[in-house]
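As structure tokens, the structure follows; a few thoughts come after it.
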Amino acid sequence: MNLNSKILRIFIKFVLLISVLIFFGIGFIELAFIISANMKLFSGFLVYLLSLIFLILNNLIPLLVAVAFFTVGERKLLASIQRRTGPGKAGFWGSLQAIADGAKLVVKETLIPVKANFYLFLTAPIVALFLAFISWGFIPFNNFSFFFDNDYGILVILSLSSLNVYSVVLAGWSSNSKYTFLGGLRSCAQMISYEISISIILIAIFLNVSSLNFITIVNYQEKIWFIFPLFPLAIMFLISIVAETNRTPFDLPEAEAELVAGFNLEYSSIVFAFFFLAEYSNMILMSAIFSLLFLGGWLSPFGSLFCSEFSYFWISLKVILVCILYVHIRGNLPRYRYDQLMFIGWKVILPVSLAFVMFYIIILYVFDAVPINSFDFYDFGVCMSSIVLELFKYNDYLYSIIDEGFNTDAEYLYNFH
């Protein structure tokens, strides 16, 4: 039995397991409640475990459906921008094209390079998909609909997003290819560079709300959404999340003209689908984060009118609008060079975002509007100044590494690997 047959059998078993849990999950939970309450045969742990499994599937399956239809919507929108028809053969208006593509990837043969590291090669896409899915557990959809209610939800998501660097580097290195390795290095440097800008921008929101909880941040925007008073930071945050997800015009890790296909060049079949799902799931995740931080999340644009009744509708609408903006950016802007990408991140967005954060600190201090008790501005100013100096020192060091690391000489690339 070849590797493709094994993966196909595992996939079929996984689909059957999900189907059984969907149709009988509620019944199992109710049965466990009845038995534990009346007959005292099962502990509360069984009830909790079954409830946890059902909640995971309840969040995972809608996400997979959203990713599938997002790919179809993106292709139709790009076709409209470029005056093409787009997918239209599978299903009504091409709505089943994502299912057809998924079935095609499943039945294809999985090819692994001969000299690749087998275990790391297969671990990288699994890690990418796992980190993309588990981050959704910290995204609330209203005041009462969430999986994990954490007071540090933003920091947890940033930490999980940072760990995604390992999957990209592992994929590039384990493939034993120069092009994939350089694509992994590019992606690593790009993601780290723009994560710093995202973290700096979040400081301004923390100063206004004094909390890193998404629910608290959304409820703080009942009178005015943060996109209006923090509009420059919202634009820089949008640029940063586009670069963080390696999307056009910042998709340099996958530049076809230079690196063939980037870090996932050697992947095919279902393991490539894992990277594909992770990328589009991260796009929707970043759109949801932008909606929660700057667009009021599930809050209605009409104040308290139609707010609680249509909370899912409002947050879904805002996420869809940000995703459409993603697609329009891809269809209308050309790809930057890699030096331009790093210049924008280190020489433009980072210092400008720091300047705006310091400006907002001064405004809050002058008008005595800081919501943080016993906040020492002197210590915070010293800390921010030290961070700025260290970042600019690291900036020069990073540029020196990039200038040396992406030498195109063949002998240098061989020694570098």
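Each chain of the structure tokens is named A, B, ... in the order shown, its residues numbered from 1; ligands are numbered from 1 in display order.
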*asked:* Using only C-alpha atoms, which protein or nucleic acid residues come within 10 Å of range 85-97 of chain A? Drop anything in the same chain fewer than 2 positions from it, and give the result as a count of residues only.
replied: 19
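Residues in contact with range 176-181 of chain A at up to 7 Å, not including ones fewer than 5 positions away on its chain and judged by only C-alpha atoms, are Lys115, Ala116, Leu259, Gly262, Phe263, Asn264 and Leu265 of chain A.
With distances restricted to only C-alpha atoms, A:Ile154 is the closest residue to Ile217 in chain A from A:Leu111, A:Ile349, A:Cys188, A:Ile154.
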*Report as a list in words: the residues of range 142-173 of chain A with a DSSP assignment of helix (DSSP H, G or I), based on the backbone of this structure.*
Gly153, Ile154, Leu155, Val156, Ile157, Leu158, Ser159, Leu160, Ser161, Ser162, Leu163, Asn164, Val165, Tyr166, Ser167, Val168, Val169, Leu170, Ala171, Gly172 and Trp173 of chain A
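Of the listed residues (A:Phe144, A:Phe206, A:Tyr338, A:Tyr119), A:Phe144 comes nearest to Tyr312 in chain A; the distances count only C-alpha atoms.
You can rank A:Ala204, A:Ile363, A:Asn150, A:Phe141 by their closest distance to Phe310 in chain A using only C-alpha atoms, and at the top of that list sits A:Phe141.
Around Ile139 in chain A, within 9 Å and counting only C-alpha atoms, the residues found are A:Ser135, A:Trp136, A:Phe146, A:Phe147, A:Phe148, A:Asp149, A:Gly153, A:Phe214, A:Leu285, A:Ala288, A:Ile289, A:Leu292, once anything fewer than 3 positions away on its own chain is removed.
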Produce a file of the selected residues containing N, CA and C atoms, as a PDB file, in the first residue's frame.
```pdb
ATOM      1  N   SER A 135      -6.386  28.952  16.886  1.00  0.00           N
ATOM      2  CA  SER A 135      -6.489  30.395  17.157  1.00  0.00           C
ATOM      3  C   SER A 135      -7.937  30.862  17.161  1.00  0.00           C
ATOM      4  N   TRP A 136      -8.803  30.163  16.431  1.00  0.00           N
ATOM      5  CA  TRP A 136     -10.210  30.564  16.373  1.00  0.00           C
ATOM      6  C   TRP A 136     -10.925  30.334  17.698  1.00  0.00           C
ATOM      7  N   PHE A 146     -18.359  32.230  22.676  1.00  0.00           N
ATOM      8  CA  PHE A 146     -16.904  32.114  22.565  1.00  0.00           C
ATOM      9  C   PHE A 146     -16.505  30.730  23.051  1.00  0.00           C
ATOM     10  N   PHE A 147     -15.328  30.310  22.671  1.00  0.00           N
ATOM     11  CA  PHE A 147     -14.831  28.995  23.071  1.00  0.00           C
ATOM     12  C   PHE A 147     -13.928  29.122  24.303  1.00  0.00           C
ATOM     13  N   PHE A 148     -12.960  30.042  24.246  1.00  0.00           N
ATOM     14  CA  PHE A 148     -12.099  30.340  25.389  1.00  0.00           C
ATOM     15  C   PHE A 148     -12.217  31.832  25.682  1.00  0.00           C
ATOM     16  N   ASP A 149     -12.693  32.184  26.864  1.00  0.00           N
ATOM     17  CA  ASP A 149     -12.768  33.581  27.283  1.00  0.00           C
ATOM     18  C   ASP A 149     -11.530  33.883  28.108  1.00  0.00           C
ATOM     19  N   GLY A 153      -6.490  37.323  25.451  1.00  0.00           N
ATOM     20  CA  GLY A 153      -6.764  36.660  24.183  1.00  0.00           C
ATOM     21  C   GLY A 153      -5.913  37.171  23.034  1.00  0.00           C
ATOM     22  N   PHE A 214     -10.934  40.523  24.062  1.00  0.00           N
ATOM     23  CA  PHE A 214     -11.674  40.964  22.875  1.00  0.00           C
ATOM     24  C   PHE A 214     -13.062  41.477  23.230  1.00  0.00           C
ATOM     25  N   LEU A 285      -9.085  34.761   9.859  1.00  0.00           N
ATOM     26  CA  LEU A 285      -8.796  35.069  11.267  1.00  0.00           C
ATOM     27  C   LEU A 285      -8.335  36.509  11.429  1.00  0.00           C
ATOM     28  N   ALA A 288     -11.165  38.831  11.054  1.00  0.00           N
ATOM     29  CA  ALA A 288     -11.988  38.871  12.264  1.00  0.00           C
ATOM     30  C   ALA A 288     -11.325  39.717  13.348  1.00  0.00           C
ATOM     31  N   ILE A 289     -10.008  39.599  13.497  1.00  0.00           N
ATOM     32  CA  ILE A 289      -9.299  40.407  14.501  1.00  0.00           C
ATOM     33  C   ILE A 289      -9.411  41.889  14.164  1.00  0.00           C
ATOM     34  N   LEU A 292     -12.849  43.063  15.114  1.00  0.00           N
ATOM     35  CA  LEU A 292     -13.040  43.192  16.557  1.00  0.00           C
ATOM     36  C   LEU A 292     -12.317  44.404  17.118  1.00  0.00           C
TER      37      LEU A 292
END
```
*Just the residues within 12 Å of Pro229 in chain A, please, counting only C-alpha atoms, with nothing from its chain fewer than 2 positions along; format it as a list in words.*
Ala204, Ile205, Asn208, Gln221, Lys223, Ile224, Trp225, Phe226, Ile227, Phe231, Pro232, Leu233, Ala234, Ile235, Phe294, Leu295, Phe356, Tyr360 and Ile363 of chain A
Grab the residues selected above and save them as a PDB file, in the first residue's frame with N, CA and C atoms.
```pdb
ATOM      1  N   ALA A 204      -1.622  50.974  21.547  1.00  0.00           N
ATOM      2  CA  ALA A 204      -2.562  52.103  21.568  1.00  0.00           C
ATOM      3  C   ALA A 204      -3.945  51.647  22.015  1.00  0.00           C
ATOM      4  N   ILE A 205      -4.385  50.474  21.561  1.00  0.00           N
ATOM      5  CA  ILE A 205      -5.685  49.960  21.987  1.00  0.00           C
ATOM      6  C   ILE A 205      -5.674  49.603  23.459  1.00  0.00           C
ATOM      7  N   ASN A 208      -6.122  52.637  25.602  1.00  0.00           N
ATOM      8  CA  ASN A 208      -7.487  53.164  25.632  1.00  0.00           C
ATOM      9  C   ASN A 208      -8.429  52.303  26.457  1.00  0.00           C
ATOM     10  N   GLN A 221     -16.285  50.024  22.342  1.00  0.00           N
ATOM     11  CA  GLN A 221     -16.539  50.765  21.101  1.00  0.00           C
ATOM     12  C   GLN A 221     -18.027  51.018  20.861  1.00  0.00           C
ATOM     13  N   LYS A 223     -19.823  53.599  21.652  1.00  0.00           N
ATOM     14  CA  LYS A 223     -20.097  54.971  21.219  1.00  0.00           C
ATOM     15  C   LYS A 223     -19.397  55.322  19.918  1.00  0.00           C
ATOM     16  N   ILE A 224     -18.164  54.839  19.745  1.00  0.00           N
ATOM     17  CA  ILE A 224     -17.411  55.128  18.525  1.00  0.00           C
ATOM     18  C   ILE A 224     -16.434  53.986  18.263  1.00  0.00           C
ATOM     19  N   TRP A 225     -16.378  53.552  17.012  1.00  0.00           N
ATOM     20  CA  TRP A 225     -15.449  52.491  16.650  1.00  0.00           C
ATOM     21  C   TRP A 225     -14.032  53.048  16.621  1.00  0.00           C
ATOM     22  N   PHE A 226     -13.071  52.206  16.919  1.00  0.00           N
ATOM     23  CA  PHE A 226     -11.682  52.652  17.007  1.00  0.00           C
ATOM     24  C   PHE A 226     -11.092  53.031  15.653  1.00  0.00           C
ATOM     25  N   ILE A 227     -11.749  52.650  14.559  1.00  0.00           N
ATOM     26  CA  ILE A 227     -11.195  52.991  13.261  1.00  0.00           C
ATOM     27  C   ILE A 227     -11.233  54.496  13.013  1.00  0.00           C
ATOM     28  N   PHE A 231      -7.499  55.960  13.103  1.00  0.00           N
ATOM     29  CA  PHE A 231      -7.515  55.622  11.678  1.00  0.00           C
ATOM     30  C   PHE A 231      -6.126  55.353  11.106  1.00  0.00           C
ATOM     31  N   PRO A 232      -5.103  56.176  11.390  1.00  0.00           N
ATOM     32  CA  PRO A 232      -3.765  55.846  10.845  1.00  0.00           C
ATOM     33  C   PRO A 232      -3.253  54.490  11.317  1.00  0.00           C
ATOM     34  N   LEU A 233      -3.489  54.175  12.586  1.00  0.00           N
ATOM     35  CA  LEU A 233      -3.044  52.877  13.091  1.00  0.00           C
ATOM     36  C   LEU A 233      -3.851  51.742  12.469  1.00  0.00           C
ATOM     37  N   ALA A 234      -5.130  51.984  12.165  1.00  0.00           N
ATOM     38  CA  ALA A 234      -5.941  50.950  11.521  1.00  0.00           C
ATOM     39  C   ALA A 234      -5.411  50.639  10.123  1.00  0.00           C
ATOM     40  N   ILE A 235      -5.009  51.665   9.375  1.00  0.00           N
ATOM     41  CA  ILE A 235      -4.444  51.446   8.043  1.00  0.00           C
ATOM     42  C   ILE A 235      -3.136  50.672   8.146  1.00  0.00           C
ATOM     43  N   PHE A 294     -11.147  47.255  15.407  1.00  0.00           N
ATOM     44  CA  PHE A 294     -11.358  48.581  14.822  1.00  0.00           C
ATOM     45  C   PHE A 294     -12.768  48.816  14.283  1.00  0.00           C
ATOM     46  N   LEU A 295     -13.541  47.776  14.042  1.00  0.00           N
ATOM     47  CA  LEU A 295     -14.858  47.948  13.434  1.00  0.00           C
ATOM     48  C   LEU A 295     -15.998  47.617  14.386  1.00  0.00           C
ATOM     49  N   PHE A 356       2.836  57.460  16.435  1.00  0.00           N
ATOM     50  CA  PHE A 356       1.412  57.634  16.725  1.00  0.00           C
ATOM     51  C   PHE A 356       1.071  57.133  18.123  1.00  0.00           C
ATOM     52  N   TYR A 360      -0.637  59.407  20.966  1.00  0.00           N
ATOM     53  CA  TYR A 360      -1.865  59.083  21.703  1.00  0.00           C
ATOM     54  C   TYR A 360      -1.619  59.067  23.210  1.00  0.00           C
ATOM     55  N   ILE A 363      -1.783  62.675  24.293  1.00  0.00           N
ATOM     56  CA  ILE A 363      -3.165  63.150  24.279  1.00  0.00           C
ATOM     57  C   ILE A 363      -3.920  62.642  25.501  1.00  0.00           C
TER      58      ILE A 363
END
```
_List as a PyMOL selection string the protein and nucleic acid residues near range 164-170 of chain A, meaning an atom at most 8 Å away when only C-alpha atoms are counted, but skip any in the same chain fewer than 3 places from it._
chain A and resi 120-121+123-125+127-128+131+160-161+173-174+181+184-185+187-188+191+263
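Between Cys323 in chain A and the candidates A:Val107, A:Met358, A:Ala66, A:Ile81, the tightest atom-to-atom separation, counting only C-alpha atoms, involves A:Ala66.
Nearest-residue note for Ser281 in chain A: choosing from A:Ser159, A:Thr245, A:Trp298, A:Arg84, the minimum distance belongs to A:Thr245, counting only C-alpha atoms.
Distance annotation: of A:Ser300, A:Asn246, A:Gln190, A:Asn213, the residue with the minimal separation from Ala278 in chain A is A:Asn246; atom set is only C-alpha atoms.
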*Can you tell me, as a PyMOL selection string, what residues are no more than 9 Å from Glu222 in chain A when counting only C-alpha atoms, ignoring any on the same chain fewer than 4 positions away?*
chain A and resi 218+296+299-300+303-304
Please produce an output containing N, CA and C atoms for each residue in the selection, written as a PDB file, in the first residue's frame.
```
ATOM      1  N   VAL A 218     -14.443  45.238  22.352  1.00  0.00           N
ATOM      2  CA  VAL A 218     -15.625  45.481  21.511  1.00  0.00           C
ATOM      3  C   VAL A 218     -16.666  46.308  22.264  1.00  0.00           C
ATOM      4  N   GLY A 296     -15.712  47.490  15.663  1.00  0.00           N
ATOM      5  CA  GLY A 296     -16.776  47.273  16.630  1.00  0.00           C
ATOM      6  C   GLY A 296     -17.272  45.852  16.736  1.00  0.00           C
ATOM      7  N   LEU A 299     -21.035  44.776  17.127  1.00  0.00           N
ATOM      8  CA  LEU A 299     -21.869  45.946  17.389  1.00  0.00           C
ATOM      9  C   LEU A 299     -22.486  46.464  16.095  1.00  0.00           C
ATOM     10  N   SER A 300     -23.714  46.939  16.204  1.00  0.00           N
ATOM     11  CA  SER A 300     -24.428  47.463  15.044  1.00  0.00           C
ATOM     12  C   SER A 300     -23.945  48.875  14.715  1.00  0.00           C
ATOM     13  N   GLY A 303     -26.042  51.942  16.420  1.00  0.00           N
ATOM     14  CA  GLY A 303     -26.111  52.027  17.872  1.00  0.00           C
ATOM     15  C   GLY A 303     -26.674  50.757  18.478  1.00  0.00           C
ATOM     16  N   SER A 304     -27.580  50.923  19.420  1.00  0.00           N
ATOM     17  CA  SER A 304     -28.181  49.763  20.080  1.00  0.00           C
ATOM     18  C   SER A 304     -29.269  49.104  19.234  1.00  0.00           C
TER      19      SER A 304
END
```
